[in-house]
Amino acid sequence: MNVSELTNEIKRQYSLLSIDTKRFAVKAFILAILFNVTYIFYLSPTRLFDRPLTNFTATITNYLLNHFYKPGFSLKEVHRGELILYNKKSLLLIGDACNAFKLYVLYLGFLLCVPGAIAKKLLYFISGFAMILVLNLIRIFALVWLLFNRPEWTNVAHHYIFTTIVYGCMFILWVSYLKERKLI
C-alpha cells in the first residue's frame with residue numbers, strides 16, 4: 001500500500017466514525033501533542049512533577065518494605081530518581097519513568113476528552129489516581145520481593161505482567177465511566 005492509498009483509507013475510515021467519536025479523537029490527539037511537547041521541553045527537564053512524585057513513590061515504597069517485608073531498606077537520591085538500598089547495597093532504581101506520572105496524565109486525558117459533568121469526572125479522576133498510585137506501589141514492592149525470591153521473574157513481571165495489570169485496571173475504570181454516562 002503506497003502513501004496515497006493509505007491516506008485515502010484513513011479518510012474513508014474516518015468518515016465512518018460518529019461525530020462524538022471524531023470529537024473524542026480530535027481532542028485526544030490535540031491533548032497528546034500538547035502534553036508531549038510540554039513534557040519534552042519543560043516538564044521533563046525541570047522535573048516539576050517528576051521529582052516530587054518520584055520521591056513520594058520511593059519514600060512510601062521504602063516505608064512499606066521496611067514495615068511489611070523486612071527491615072534494612074533505605075533510599076539514596078540519584079540523578080533523576082531514587083535508589084532503593086538493602087543493607088546499604090543497591091537493589092532497585094525508582095526513576096522518573098517509574099512514578100506513574102504519564103499514567104495519571106493518560107487517565108485524566110481520557111476523562112477530559114469524554115463528555116460529562118466536571119463533578120463526576122473529578123470523582124473518577126480521584127478514584128483512578130488512587131488506584132494507579134496503589135497499583136504502582138504494589139508493583140514496586142512486588143519487584144523488590146521478586147528480586148529476593150524469584151529474580152528470574154523480575155524482568156517479565158516488570159515489563160509485561162505489571163504493565164498489563166495497570167492498563168487493564170485503567171481500562172475497567174474508563175469502561176465504568178462510559179457505561180455510567182451511557183456512552184457504551
# chains A, B, ... in the order shown; residues from 1 in each chain; ligands from 1
>>> select_by_dssp(residues="chain A", states="strand (DSSP E or B)", output="ChimeraX atom specification")
/A:73-78,81-86,89-95
>>> write_last_selection(atoms="N, CA and C atoms", output="compact mmCIF listing (two decimals), in the first residue's frame")
# COMPACT_ATOMS: atom_id res chain seq x y z
N PHE A 73 15.91 -1.55 54.56
CA PHE A 73 15.83 -0.79 53.31
C PHE A 73 16.07 0.69 53.58
N SER A 74 16.69 1.35 52.62
CA SER A 74 16.89 2.80 52.70
C SER A 74 16.89 3.35 51.27
N LEU A 75 16.95 4.67 51.18
CA LEU A 75 16.92 5.34 49.89
C LEU A 75 18.16 6.19 49.71
N LYS A 76 18.55 6.33 48.45
CA LYS A 76 19.65 7.23 48.10
C LYS A 76 19.22 7.97 46.85
N GLU A 77 19.23 9.29 46.94
CA GLU A 77 18.85 10.09 45.77
C GLU A 77 19.97 10.01 44.73
N VAL A 78 19.56 9.74 43.50
CA VAL A 78 20.50 9.70 42.38
C VAL A 78 19.94 10.58 41.28
N GLY A 81 16.15 10.13 40.02
CA GLY A 81 15.49 9.02 40.67
C GLY A 81 15.93 8.79 42.09
N GLU A 82 15.45 7.69 42.63
CA GLU A 82 15.78 7.25 43.99
C GLU A 82 16.20 5.79 43.91
N LEU A 83 17.31 5.48 44.54
CA LEU A 83 17.82 4.13 44.56
C LEU A 83 17.39 3.47 45.86
N ILE A 84 16.75 2.32 45.75
CA ILE A 84 16.40 1.54 46.95
C ILE A 84 17.62 0.70 47.30
N LEU A 85 18.04 0.82 48.54
CA LEU A 85 19.18 0.05 49.03
C LEU A 85 18.67 -0.95 50.06
N TYR A 86 19.35 -2.08 50.11
CA TYR A 86 19.08 -3.03 51.18
C TYR A 86 20.41 -3.30 51.87
N LYS A 89 23.30 -1.78 50.11
CA LYS A 89 23.66 -2.28 48.78
C LYS A 89 22.54 -1.92 47.81
N SER A 90 22.93 -1.46 46.63
CA SER A 90 21.96 -1.06 45.61
C SER A 90 21.08 -2.24 45.22
N LEU A 91 19.78 -1.96 45.13
CA LEU A 91 18.84 -3.02 44.81
C LEU A 91 17.98 -2.68 43.60
N LEU A 92 17.33 -1.51 43.63
CA LEU A 92 16.37 -1.16 42.59
C LEU A 92 16.31 0.35 42.43
N LEU A 93 16.29 0.82 41.20
CA LEU A 93 16.17 2.25 40.92
C LEU A 93 14.71 2.59 40.63
N ILE A 94 14.18 3.56 41.35
CA ILE A 94 12.88 4.12 41.03
C ILE A 94 13.17 5.42 40.30
N GLY A 95 13.15 5.34 38.97
CA GLY A 95 13.42 6.51 38.15
C GLY A 95 12.14 7.27 37.86
>>> closest_atom_pairs(of="segment 51-154 of chain A", to="segment 179-183 of chain A", cutoff="12 Å", atoms="only C-alpha atoms", output="tab-separated table")
residue	atom	partner	partner_atom	distance
A:Leu111	CA	A:Arg181	CA	11.5
A:Val114	CA	A:Leu183	CA	9.1
A:Pro115	CA	A:Arg181	CA	8.5
A:Gly116	CA	A:Arg181	CA	7.2
A:Ala117	CA	A:Arg181	CA	9.5
A:Lys120	CA	A:Arg181	CA	9.5
A:Lys121	CA	A:Arg181	CA	10.5
A:Tyr124	CA	A:Glu180	CA	11.0
>>> residues_around(residues="Leu112 of chain A", least_positions_apart="6", cutoff="9 Å", atoms="only C-alpha atoms", output="PyMOL selection string")
chain A and resi 27-28+118+121
>>> residues_around(residues="Leu106 of chain A", least_positions_apart="2", cutoff="10 Å", atoms="only C-alpha atoms", output="mmCIF file with C-alpha atoms, in the first residue's frame")
data_model
loop_
_atom_site.group_PDB
_atom_site.id
_atom_site.type_symbol
_atom_site.label_atom_id
_atom_site.label_comp_id
_atom_site.auth_asym_id
_atom_site.auth_seq_id
_atom_site.Cartn_x
_atom_site.Cartn_y
_atom_site.Cartn_z
ATOM 1 C CA ALA A 28 -7.286 13.254 22.359
ATOM 2 C CA LEU A 31 -4.102 16.844 24.166
ATOM 3 C CA ALA A 32 -1.477 14.207 23.349
ATOM 4 C CA PHE A 35 1.263 17.155 26.667
ATOM 5 C CA ALA A 100 3.329 6.731 37.048
ATOM 6 C CA PHE A 101 3.066 10.422 36.076
ATOM 7 C CA LYS A 102 2.339 9.602 32.447
ATOM 8 C CA LEU A 103 -0.342 7.104 33.543
ATOM 9 C CA TYR A 104 -2.041 9.795 35.627
ATOM 10 C CA LEU A 108 -7.011 12.301 33.122
ATOM 11 C CA GLY A 109 -6.716 12.973 29.385
ATOM 12 C CA PHE A 110 -9.277 10.285 28.635
ATOM 13 C CA LEU A 111 -11.708 11.791 31.145
ATOM 14 C CA LEU A 112 -11.199 15.264 29.682
ATOM 15 C CA MET A 170 -7.410 1.790 33.917
#
>>> residues_around(residues="Leu135 of chain A", least_positions_apart="4", cutoff="7 Å", atoms="only C-alpha atoms", output="list in words")
Met131, Arg139 and Val166 of chain A
>>> select_by_dssp(residues="segment 25-128 of chain A", states="helix (DSSP H, G or I)", output="NGL selection string")
:A and (25-46 or 50-68 or 96-98 or 101-113 or 118-128)
>>> closest_residue(among="A:Trp174, A:Phe141, A:Trp153, A:Phe162", to="Asn66 of chain A", atoms="only C-alpha atoms")
A:Phe141
>>> atom_distance(atom1="atom CA of Leu143 of chain A", atom2="atom CA of Pro52 of chain A")
21.4 Å
>>> decode(residues="segment 74-175 of chain A", atoms="C-alpha atoms", output="short mmCIF file (atom, residue, chain, number, x, y, z; two decimals), in the first residue's frame")
data_model
loop_
_atom_site.label_atom_id
_atom_site.label_comp_id
_atom_site.auth_asym_id
_atom_site.auth_seq_id
_atom_site.Cartn_x
_atom_site.Cartn_y
_atom_site.Cartn_z
CA SER A 74 16.89 2.80 52.70
CA LEU A 75 16.92 5.34 49.89
CA LYS A 76 19.65 7.23 48.10
CA GLU A 77 18.85 10.09 45.77
CA VAL A 78 20.50 9.70 42.38
CA HIS A 79 20.25 11.58 39.11
CA ARG A 80 16.56 11.58 38.09
CA GLY A 81 15.49 9.02 40.67
CA GLU A 82 15.78 7.25 43.99
CA LEU A 83 17.82 4.13 44.56
CA ILE A 84 16.40 1.54 46.95
CA LEU A 85 19.18 0.05 49.03
CA TYR A 86 19.08 -3.03 51.18
CA ASN A 87 21.70 -3.07 53.93
CA LYS A 88 23.42 -0.24 52.02
CA LYS A 89 23.66 -2.28 48.78
CA SER A 90 21.96 -1.06 45.61
CA LEU A 91 18.84 -3.02 44.81
CA LEU A 92 16.37 -1.16 42.59
CA LEU A 93 16.17 2.25 40.92
CA ILE A 94 12.88 4.12 41.03
CA GLY A 95 13.42 6.51 38.15
CA ASP A 96 11.11 9.21 36.88
CA ALA A 97 9.68 6.71 34.41
CA CYS A 98 8.53 4.60 37.39
CA ASN A 99 6.49 7.27 39.16
CA ALA A 100 3.33 6.73 37.05
CA PHE A 101 3.07 10.42 36.08
CA LYS A 102 2.34 9.60 32.45
CA LEU A 103 -0.34 7.10 33.54
CA TYR A 104 -2.04 9.79 35.63
CA VAL A 105 -1.96 12.15 32.64
CA LEU A 106 -3.25 9.47 30.26
CA TYR A 107 -6.10 8.63 32.61
CA LEU A 108 -7.01 12.30 33.12
CA GLY A 109 -6.72 12.97 29.38
CA PHE A 110 -9.28 10.29 28.63
CA LEU A 111 -11.71 11.79 31.14
CA LEU A 112 -11.20 15.26 29.68
CA CYS A 113 -11.94 14.05 26.16
CA VAL A 114 -15.22 12.34 27.04
CA PRO A 115 -18.31 14.49 27.61
CA GLY A 116 -19.63 14.65 31.14
CA ALA A 117 -20.13 16.65 34.30
CA ILE A 118 -17.00 18.00 35.94
CA ALA A 119 -18.04 16.68 39.38
CA LYS A 120 -18.37 13.13 38.02
CA LYS A 121 -15.05 13.42 36.17
CA LEU A 122 -13.39 14.67 39.35
CA LEU A 123 -14.74 11.69 41.29
CA TYR A 124 -13.43 9.28 38.63
CA PHE A 125 -10.11 11.11 38.48
CA ILE A 126 -9.61 10.87 42.25
CA SER A 127 -10.53 7.17 42.32
CA GLY A 128 -8.36 6.49 39.26
CA PHE A 129 -5.44 8.43 40.71
CA ALA A 130 -5.71 6.44 43.95
CA MET A 131 -5.94 3.16 42.04
CA ILE A 132 -2.88 3.96 39.90
CA LEU A 133 -0.91 5.05 42.97
CA VAL A 134 -1.73 1.91 44.93
CA LEU A 135 -1.04 -0.37 41.96
CA ASN A 136 2.29 1.36 41.34
CA LEU A 137 3.33 0.96 44.98
CA ILE A 138 2.32 -2.72 44.90
CA ARG A 139 4.25 -3.11 41.63
CA ILE A 140 7.47 -1.72 43.07
CA PHE A 141 7.05 -3.66 46.33
CA ALA A 142 6.48 -6.84 44.30
CA LEU A 143 9.55 -6.15 42.15
CA VAL A 144 11.70 -5.96 45.28
CA TRP A 145 10.12 -9.16 46.59
CA LEU A 146 10.84 -10.83 43.26
CA LEU A 147 14.46 -9.68 43.33
CA PHE A 148 14.88 -11.50 46.64
CA ASN A 149 12.75 -14.57 45.95
CA ARG A 150 12.35 -15.12 42.20
CA PRO A 151 14.90 -12.91 40.41
CA GLU A 152 14.35 -14.77 37.14
CA TRP A 153 10.75 -13.47 37.03
CA THR A 154 11.62 -9.82 37.66
CA ASN A 155 12.09 -8.74 34.05
CA VAL A 156 8.89 -10.37 32.76
CA ALA A 157 6.89 -9.07 35.71
CA HIS A 158 8.24 -5.54 35.31
CA HIS A 159 7.77 -5.23 31.57
CA TYR A 160 4.69 -7.32 30.89
CA ILE A 161 2.67 -8.57 33.84
CA PHE A 162 2.50 -5.36 35.88
CA THR A 163 2.00 -3.21 32.78
CA THR A 164 -0.94 -5.37 31.72
CA ILE A 165 -2.48 -5.21 35.19
CA VAL A 166 -2.23 -1.40 35.43
CA TYR A 167 -3.57 -0.73 31.94
CA GLY A 168 -6.29 -3.33 32.45
CA CYS A 169 -7.46 -1.61 35.64
CA MET A 170 -7.41 1.79 33.92
CA PHE A 171 -9.46 0.32 31.07
CA ILE A 172 -12.02 -1.07 33.54
CA LEU A 173 -12.41 2.36 35.14
CA TRP A 174 -12.80 4.01 31.72
CA VAL A 175 -15.45 1.49 30.69
#
